[in-house]
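K.L.:
Take this structure, written in structure tokens, and hold onto it; I'll ask about it next.
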Amino acid sequence: MSGKNLNVHLLVIDPQVDFMEGGALAVDGATADMQRLAAMVGRVGHKLEDIHVTLDSHQVIDVAHPAFWRDGDGNIPAPFTMITSDDIANGIWTPRNRNLVGRMKTYAEALEAGGKYPLMVWPEHCIIGTPGHNVQADLMQALQDWERKVFGTVSFVTKGTNPFTEHYGALMAEVPDANDAASGLNTDLIGVLQEADIVVVAGQASSHCVKATVEQVADNIGDEHVKKFHLLTDCMSPVAQVPGGPDFPAIAQQFMQDMAARGMTLTTSDAFLA
């Protein structure tokens, strides 16, 4: 695979400081993943036509942050607490704004009915305006070097600003909000990716935002485009298993296998366009 005369795009999912070791929602291995990706951008940048970087972008008050919720005694949930629709119905966990009880119960029911991850209370992360929202330093340097060398502009795609729905995938929220177009299907990004000959994907975490984004792409871009996606298995890592919760590493591994079965290529940063 030479990459010569091919329209090659790089799609990086949420390569942000809060997902690196030491960050608010650290993913083991994430820093090394981004350093490998940075090295690849330096190696093959002249062959990249476009680079898209998604940015998880939250406020403190968010359905997946502790401050949104209270128990019967007024206490906030600990990070990594899962909240079911039954929990909300039974008052085990209640939105701090009680006018939102019905809306949040319906939201949790929609997650459950759609086979989505249960509503998870994460540590506050990727808060807009904080250092944790920034792109990991090695990768950011590589992206800026690429911009200078090729006279290009990295396309940054924000997601997650709606406080009433989780937004793992870059193409749409887990449960789109009818009153917020930004939570619906990002047809502009789909259109851009359809024009590429090859799309190489990296980012964090393979069990969540990478998985959701790639699955959304596969489901919406058209079968004829799926085979042009290449997943960098050494530039993404899963969230660790939560006690009593889903086995996220196993889910990430199954996701890789499922995408390979749909025609995507699993590769590494050293092998891509080598």
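Letters A, B, ... go to the chains of the structure tokens in the order shown; residues in each chain start at 1; ligands are counted from 1 in the same order.
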Taking 2 positions as the minimum chain separation for residues in the same chain, which residues sit within 10 Å of segment 30-43 of chain A when counting only C-alpha atoms? Answer as a ChimeraX atom specification.
P.N.:
/A:10,12,15-17,19-22,26-28,45-48,51,135-143,145-146,201-205,232-239,268-274
K.L.:
Those same residues, written as a tab-separated table (two decimals), in the first residue's frame with C-alpha atoms?
P.N.:
chain	number	residue	atom	x	y	z
A	10	LEU	CA	-6.95	10.32	9.35
A	12	VAL	CA	-8.68	10.62	15.52
A	15	PRO	CA	-7.17	12.13	21.88
A	16	GLN	CA	-7.49	14.36	24.92
A	17	VAL	CA	-5.47	14.88	28.08
A	19	PHE	CA	-8.11	10.26	28.75
A	20	MET	CA	-4.34	9.98	29.20
A	21	GLU	CA	-2.68	8.46	32.26
A	22	GLY	CA	-3.02	10.99	35.05
A	26	ALA	CA	-7.50	7.81	32.35
A	27	VAL	CA	-7.27	4.92	29.89
A	28	ASP	CA	-4.29	2.66	30.51
A	45	GLY	CA	1.83	13.07	6.92
A	46	HIS	CA	2.74	14.01	3.35
A	47	LYS	CA	0.32	11.28	2.19
A	48	LEU	CA	-2.58	12.50	4.34
A	51	ILE	CA	-7.10	15.01	9.35
A	135	VAL	CA	-5.23	17.25	22.67
A	136	GLN	CA	-2.37	15.13	24.06
A	137	ALA	CA	0.86	17.10	23.65
A	138	ASP	CA	2.88	14.77	21.38
A	139	LEU	CA	-0.01	14.34	18.99
A	140	MET	CA	-0.84	18.05	19.01
A	141	GLN	CA	2.74	18.85	18.06
A	142	ALA	CA	2.57	16.35	15.20
A	143	LEU	CA	-0.73	17.80	13.99
A	145	ASP	CA	3.80	20.20	12.20
A	146	TRP	CA	1.58	18.57	9.57
A	201	VAL	CA	-8.80	5.56	12.61
A	202	ALA	CA	-7.21	5.95	16.04
A	203	GLY	CA	-8.13	7.45	19.41
A	204	GLN	CA	-9.66	6.77	22.81
A	205	ALA	CA	-11.23	4.69	24.08
A	232	LEU	CA	-4.88	1.25	14.16
A	233	THR	CA	-4.99	-1.39	16.88
A	234	ASP	CA	-1.86	-0.02	18.56
A	235	CYS	CA	-3.26	3.53	18.76
A	236	MET	CA	-6.37	2.85	20.87
A	237	SER	CA	-7.03	1.21	24.23
A	238	PRO	CA	-10.16	0.22	26.19
A	239	VAL	CA	-11.56	1.52	29.44
A	268	THR	CA	-0.79	-0.88	13.15
A	269	SER	CA	0.87	2.52	13.01
A	270	ASP	CA	4.12	0.98	11.75
A	271	ALA	CA	2.43	-1.06	9.03
A	272	PHE	CA	0.05	1.59	7.68
A	273	LEU	CA	1.27	2.96	4.32
A	274	ALA	CA	4.65	1.29	4.96
K.L.:
Find the residues around Met120 of chain A up to 7 Å (only C-alpha atoms counted), leave out those fewer than 4 positions away in its own chain, and share them as a PyMOL selection string.
P.N.:
chain A and resi 64+80-83
K.L.:
Those residues with C-alpha atoms, as a PDB file, in the first residue's frame please?
P.N.:
ATOM      1  CA  ALA A  64     -22.930  11.558  32.941  1.00  0.00           C
ATOM      2  CA  PHE A  80     -18.505   4.758  37.782  1.00  0.00           C
ATOM      3  CA  THR A  81     -21.983   4.444  39.287  1.00  0.00           C
ATOM      4  CA  MET A  82     -24.464   2.957  36.813  1.00  0.00           C
ATOM      5  CA  ILE A  83     -27.993   4.372  36.861  1.00  0.00           C
TER       6      ILE A  83
END
K.L.:
Quick one: residues within 10 Å of segment 191-195 of chain A, only C-alpha atoms counted, chain neighbours fewer than 2 positions away excluded, as a compact mmCIF listing (two decimals) with C-alpha atoms, in the first residue's frame?
P.N.:
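Saved result, part35.txt, follows:
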# COMPACT_ATOMS: atom_id res chain seq x y z
CA ASN A 7 -7.17 10.42 -0.92
CA VAL A 8 -6.17 9.33 2.59
CA HIS A 9 -7.87 10.75 5.69
CA LEU A 10 -6.95 10.32 9.35
CA LEU A 11 -9.80 10.25 11.89
CA ASP A 50 -7.09 15.54 5.58
CA HIS A 52 -10.25 15.04 11.49
CA ASN A 186 -23.50 14.46 11.45
CA THR A 187 -24.14 14.11 7.73
CA ASP A 188 -21.40 16.61 6.87
CA LEU A 189 -18.72 14.37 8.38
CA ASP A 197 -10.19 6.44 -0.59
CA ILE A 198 -8.79 5.35 2.77
CA VAL A 199 -9.74 6.42 6.30
CA VAL A 217 -19.87 5.16 10.43
CA ILE A 221 -21.83 5.61 5.39
CA GLY A 222 -22.94 2.89 2.94
CA GLU A 224 -19.44 0.23 -0.33
CA HIS A 225 -17.41 2.61 1.85
CA VAL A 226 -16.88 0.40 4.91
CA LYS A 228 -11.80 1.59 3.12
CA PHE A 229 -11.52 1.99 6.90
K.L.:
Write down as a PyMOL selection string the residues belonging to segment 26-234 of chain A that are assigned helix (DSSP H, G or I) by DSSP computed on the backbone.
P.N.:
chain A and resi 30-47+66-68+85-89+98-113+131-133+137-150+181-183+187-194+209-220+223-226
K.L.:
My list of candidates is A:Gly91, A:Pro176, A:Pro77, A:Pro131. Which is closest to Phe164 of chain A when distances are computed with only C-alpha atoms?
P.N.:
A:Pro176
